Number of protein chains: 4
Amino acid sequence: VFDFRSDNVVEAHPAVMAAMLAANTGTQTSYGDDDYSRRMADGLRAVFATDCAAFPIATGTAANALALALLAGPGQRIVAQDSAHVVDGEEGAPEFYSGATLRTVATEGGKFRMDALAEAIAEVPGGAVTLTQATELGTLYTPAEIRAIADLAHAKGMLVHVDGSRFANAVVALDAHPADLTWRAGVDALSFGATKNGAAMAEAVIFFPQHLGDDFPRRRKRGGHTVSKMRFVSAQLEAYLAGDLWLANARHANAMAARLGAGLAAIPGVSLAAPVQANEVFVRAAPALLNGLEARGFQFFSRQEGMFRLVCAWNTSDAAVDAIIAAIRELAAERAAAE
Amino acid sequence: VFDFRSDNVVEAHPAVMAAMLAANTGTQTSYGDDDYSRRMADGLRAVFATDCAAFPIATGTAANALALALLAGPGQRIVAQDSAHVVDGEEGAPEFYSGATLRTVATEGGKFRMDALAEAIAEVPGGAVTLTQATELGTLYTPAEIRAIADLAHAKGMLVHVDGSRFANAVVALDAHPADLTWRAGVDALSFGATKNGAAMAEAVIFFPQHLGDDFPRRRKRGGHTVSKMRFVSAQLEAYLAGDLWLANARHANAMAARLGAGLAAIPGVSLAAPVQANEVFVRAAPALLNGLEARGFQFFSRQEGMFRLVCAWNTSDAAVDAIIAAIRELAAERAAAE
Amino acid sequence: VFDFRSDNVVEAHPAVMAAMLAANTGTQTSYGDDDYSRRMADGLRAVFATDCAAFPIATGTAANALALALLAGPGQRIVAQDSAHVVDGEEGAPEFYSGATLRTVATEGGKFRMDALAEAIAEVPGGAVTLTQATELGTLYTPAEIRAIADLAHAKGMLVHVDGSRFANAVVALDAHPADLTWRAGVDALSFGATKNGAAMAEAVIFFPQHLGDDFPRRRKRGGHTVSKMRFVSAQLEAYLAGDLWLANARHANAMAARLGAGLAAIPGVSLAAPVQANEVFVRAAPALLNGLEARGFQFFSRQEGMFRLVCAWNTSDAAVDAIIAAIRELAAERAAAE
Amino acid sequence: VFDFRSDNVVEAHPAVMAAMLAANTGTQTSYGDDDYSRRMADGLRAVFATDCAAFPIATGTAANALALALLAGPGQRIVAQDSAHVVDGEEGAPEFYSGATLRTVATEGGKFRMDALAEAIAEVPGGAVTLTQATELGTLYTPAEIRAIADLAHAKGMLVHVDGSRFANAVVALDAHPADLTWRAGVDALSFGATKNGAAMAEAVIFFPQHLGDDFPRRRKRGGHTVSKMRFVSAQLEAYLAGDLWLANARHANAMAARLGAGLAAIPGVSLAAPVQANEVFVRAAPALLNGLEARGFQFFSRQEGMFRLVCAWNTSDAAVDAIIAAIRELAAERAAAE
C-alpha cells in the first residue's frame, strides 16, 4: 500500500491547491498576461538573485523542449546524458521543438563523463549541452562540475541547459544558492521543476541571459502551451515559492531518502546502486526479493534485473520508509535462511 | 468594472475547482493512466453515445493541433475558415504538429462559403477540413450544414475536424444531441472545449472512428502535453460533465448573450454585426461610443473600426448585461443629442 | 507536336551541357567547396554588383524554401501572393523548412494588391513577404513597386524574398539592372532561377545582406541539398552567366511570347487574360477551341474553364509560335462560322 | 597529386555524362513523369527481380532522409550504427524529414553489435533500423547478418532501411544477388547509391513492399527534391545500370582497394584498422607518417590520431595505388631508420 514509484504519483501540497482556489476570483487577462504570472516571475527573479526571464508552463517535457528550442536551432546539436529524460522519456520533444539533433554522451553515476563530453562536442555545429540536476540516478552536480561543463560548452559556442525537474532537491542537498547552481556557474537556461515537489501541474522556464527568452512566448503558443487561464499555473508557483515551501518540501523528501538509503544499506544482500544524494534511492537486490516486495503491495519501478528505484516525495512518511525497510529486511532474511 | 473580453478571462466554476481539490488524495499512476482519466473518457463516450477515443489535454490550441495532426499528414492540407482561431490565434501550431499546410477559405457570417470550400478542396493532396462550432462570429452550423461539409470533404479523401472550444454553447443553442453535431454528421475528430465554459484548464480531444486516435498518446507526449499528474485535468472534465454542468453553464452564457443582443439591437445607432446564436455578441457602433464605454470601465475587444465583441460567460450576471446595455444606450443618446 | 506547357519541359542550352561535361575532369573537394562553386558565386556577385552571399542548389522549390527559412522562423509569418508557386506548387516546402506559417494575400494581375498586403501584415509576428518576379501570370513588378512592398514589410520587421524562377525574363523585359530589381529596391533574398531559362538543374540562392545566409550551408545539408559533386550544379550556373547567356535566352523567350501575344490578340473570339510582359501568355478562349488545339497535338496547360497558358522558352521557335497562332486562328474562324 | 579523400571527389563515368547529353533532346513532362524516369524504374525492378517502387533523387542524404521518413513517423525511433553517415554527416536530415528521434547503437568493425541492437530496440515506439552497406568502415553485412537484424527489427514492429551509398561495392564483394542483400533478407527500403560509383548526381530510393513508397512523391516535393527536368537524373541511372556498368565500376574500385590494402599490410609499422572488404582502406600509422604523406601531395582524410582513410573509386588507377604504397613504404622506412 506504499507507493514509491515516482514523485509525480503523489498529491500536490495543500498550500498549492489552496492558492489555485484563491486565484479563482475575478477576471484576469488571459494567456499569461495576468497578475499571478507577473508576481511569479518576480518571485523567481528574487530566488535567483538576477534579472532573468521566467515563464510558467504546465509540464516538464514542455519546459525542456521549449528551453532547448531557444538554445539550439535546426541542424545544431543537443548533447545529453545517455540516461537523460530528454533522451528516453519525451518521445523526441526536444528535437521536435528545436529542429536540432540529439546525441548522447556516456555517463558515470548519472553524470557526464567529462572525457566523453569533450569528445562529443569536439566538432559540433553549435547548440546546447543539457544536464539533469538532480540526475536520473539521484546524484548531483556540484557548482564546480557545472562550471567545468559550461566552460567546455561555451568554448565550442554551445549553451547550457539544466533539466531541473528535481532542482529543489539539489539545492537543499548541496546547500547551495540557486544562483550558484545556475547562472553563476555558466548555466544559460533552466527547467525549474515544481510538479514533482508539491505542485499539481506547474513548472517554469528560466533564461538567465534574459534575451535568450525573447522568442519564448511565440514558441510556447505554437506548441499549444500558452494556457488561457494561466493564473492557475502561476498561482501554484507563487505558493510553491512562498515561505520557501519548495525548499522545505525538498528537504523532507531528501531526508526520507537518506533514511531509506541508510536503512537498506545495512541489510545483508542489499546494496545501493548509487549514493543517495537527493530524493531517489537505487537499490540492487535479488529479483526474488523484488517479487516479494510487490507481493506485499509496495509499488516501485524496477529498471533492469535486480535493480529498482524508490522515490521519496514531499509527503513520504517515516512510517512508509520504515515499513519498506522492514519488509526488505524480512525478505532478505528469508532468502538468506532458505539458501 | 465589467469584463466582456472573453470567456477565458473569468473564473472556473466552483464545482470544477472542488473536483480538483477532491482529486488531491492518494497516489495515482502518472501520465494519464489514472482513475480520473478513465472515468472522464467513459463520461465522454456516454455523452456522445458512441465508443469514441477521448483524451484530456490542457489547452485548446494543443487540442486543435494534435487532433489535426492525426487527420492530416506532412504535405497534406488543412483547410480552415479564414476567420478561424487556428489561422490567426495559434502561431502555426496546426502546421507545426501536423506538417500539413494550412489554407483558408472565405466565410460568410463566420461559416464556410460552400462554393469557396468546394473550389479550395477541388485538388488537394488529402488532409482535413476544420470548422469552428460555435464560430468566431458567434454563429452556428446546423447538423445538415456539417453533413454537407463532411460529404464534400470525404469525397476528396479529407477528414473533418470541429474546433469546439465553444461546443457546449452550440449544443444548447441548437438543442441538438452532441452526436448529431459530430459523428452522426460525419465529423471525425472534435476539440471538446471546457476552459471557456467553466473549467480551469481542461479540454478533450475526441476521435469518433476510434482508431484515428491510436497515435495520439505518442504525439501528445512528443508535444509535451502529457501532464504527469493528469488527474488534475481529468477531474475537471469529470465535474464539467457531471449533472450536465457543461450544458447548464452554456445555457446561462447563451441566455445572457441573447439578453444583451436584444437590448443592444433596440438602441438607435447601434447594430449587431451577426445574429446572436451562442454566447458572443458582435456589435457595430461609432468609435467614439466605444471610447466612452472604455472610459466607463467596461472591458471588451474591438476588432476593427467601430466593431466590437462582447462575450458572455457561464457566470456573467444579469446586472453586468443590463449595465452595459444602459451604458451603451446613454452613450448613443449623448451622441445623438450632440449631432 | 509543339509543346507550350512550361519552360521546364524543354532542353537545356548546349553551352550549359558542355560546361557540365567540361567540369568532369580531375578531382574536386565535395559538398560545394570546389572551384566551380567559388567562381559561380563570384560571377553572381559581379552580376548583382554587390558582395552578396550566393549558393548553388538543384531545384527552385528548395531555393525558395531554404531562402525563406533564413528570413522567417518558427511561428513567424510568410506572406505570399495567393497565386504564388510557394502556395500551391510546393506541397508546403516553405513551411517545412522554416517552421513559419504561410498566409496568402489577394492579387490583381498576378501582383499583390497593396491594400490587402498592408492589412495582412498589420499584425504579424515577423517573418517574410515573398513576391514572384515574373509573376505566375507573366506580369512584372517595377523597381518602384518592389520598393513599396519592401518598405511596407521592413516597417513591420519583415524581410523580403523574391521567387525569381523567371528572374531573367523580368530583367530583360524591364531593361533594369539586376541590382535595381533586388537589393537596391530593398530585397533581402532572391531565388535566382536558371533551370527554366536554359540550365538542366541549377538555381542559386542569394542573400544581399550577406550575413542572412550564414546558416545556409547547415540548413541546406539538413535538407539533403548539399550535392556531393556540386561542381556539376555550379558549372551550369557559370555557363549560364557567361557572355550573358542568361539574358540572351530570356530575351528570346520574351520575344517569342510577345509575338505570340500579338498574334493571338488579333484573333476575334480570343483575348489575353493578362498583358504579356515576360515569357508567358495567358489566353481566354472557348473551351471547344482548346479541345481543338489539343486535338491538333499542341501541348499546354489549361487552368480553368476557357483559360489557358502558353509558355515560351529559350528555344521556342518562330515556327512553333506561328503554327499555334495559325491553328488558333483557324479554330476560332471555324467556331465563328458554325455559330 | 593523388586524391584518395573520397569516391565523391572524382569524375563521373563518361557513359553517364553521355547519357545526360543524349537526354537533352525534345520536351519531356517535368517533375519525374518522363520517359527516362519510367525506364530507370523498370531497370531497377529488373535488377532487384521484384516489383518494387523506385524513385530518382539527386543526393544520398535526401535518399536516406526520405526513405526513413516513410518508415518511421513522428515520435518513433530511427536506430542507427554509432558510426553511420545519418548520425554525423547529415546535420539531422533524417530527424527533419521523419519527425522521428535518432538513437545510436555501438558497433564493432563498423557493424551493429547485435546484443547492443537488441537492447536498444527492446522498448521502442516503432520506427526503423538503418544499416550501412558497405559500412563506414568499409566492411560488409552478409545476407544472413541482414536477415538477423531484420528479424529482430520486425519482431519489434520496426522496418529496415539500408543506406547503400556504396551498395554496388557490397554486391560485387559479396558476389550476391541484389535481392539477397535486400528484400529477400527482410530489407524494406534501400538508398541505392550511384554518385560515389560513377554518376554525377543521382541516387535512387527503393521500397520493396511497394506501398511503403505511396507517399514518396508528396514528401519528395515537400523536401524540394522533385527536380523539374528529372530526365537528367534518371538518364544517369539508366546509363549506370546499362550493361552492368555499376557492377564493373564497383569491381574496379574494390580491386584497387584490395591491392592497396595488401600493399600496406606488408609494410612494417603500418596496419589495417579494418579488413578491406569493399573500396575503402582504413590504416593505422604514426602521425608523422601521415604528415609526410601529405607533404608529398597525397590527399586523404584522417579521422583521429594515427588513423586515416584511403578510398578507391571507379577510376582509381594502378599507378595511384602503387604510388601511395611506395610513398608509405619509404616514409615508414625513414621512420624506422630514424629510431
# chains A, B, ... in the order shown; residues from 1 in each chain; ligands from 1
>>> interface_residues(of="chain D", to="chain C", cutoff="7 Å", atoms="only C-alpha atoms", output="count of residues only")
32
>>> select_by_dssp(residues="segment 16-74 of chain C", states="alpha helix (DSSP H)", output="PyMOL selection string")
chain C and resi 16-23+35-48+60-71
>>> atom_distance(atom1="atom CA of Ala235 of chain C", atom2="atom CA of Ala54 of chain C")
14.0 Å
>>> atom_distance(atom1="atom CA of Met40 of chain D", atom2="atom CA of Gly32 of chain C")
27.2 Å
>>> select_by_dssp(residues="segment 14-131 of chain C", states="strand (DSSP E or B)", output="ChimeraX atom specification")
/C:53-57,77-81,101-105,107-108,111-112,127-131
>>> residues_around(residues="segment 290-299 of chain D", least_positions_apart="2", cutoff="9 Å", atoms="only C-alpha atoms", output="ChimeraX atom specification")
/D:1-5,285-288,301-302,306-308,310,324,327-328,331
>>> residues_around(residues="Ala253 of chain D", least_positions_apart="4", cutoff="9 Å", atoms="only C-alpha atoms", output="PyMOL selection string")
chain D and resi 169+197+248-249+257-258+278-280+311-316
>>> residues_around(residues="Ala46 of chain A", least_positions_apart="3", cutoff="12 Å", atoms="only C-alpha atoms", output="PyMOL selection string")
chain A and resi 39-43+49-54+177-179+238+241-242+244
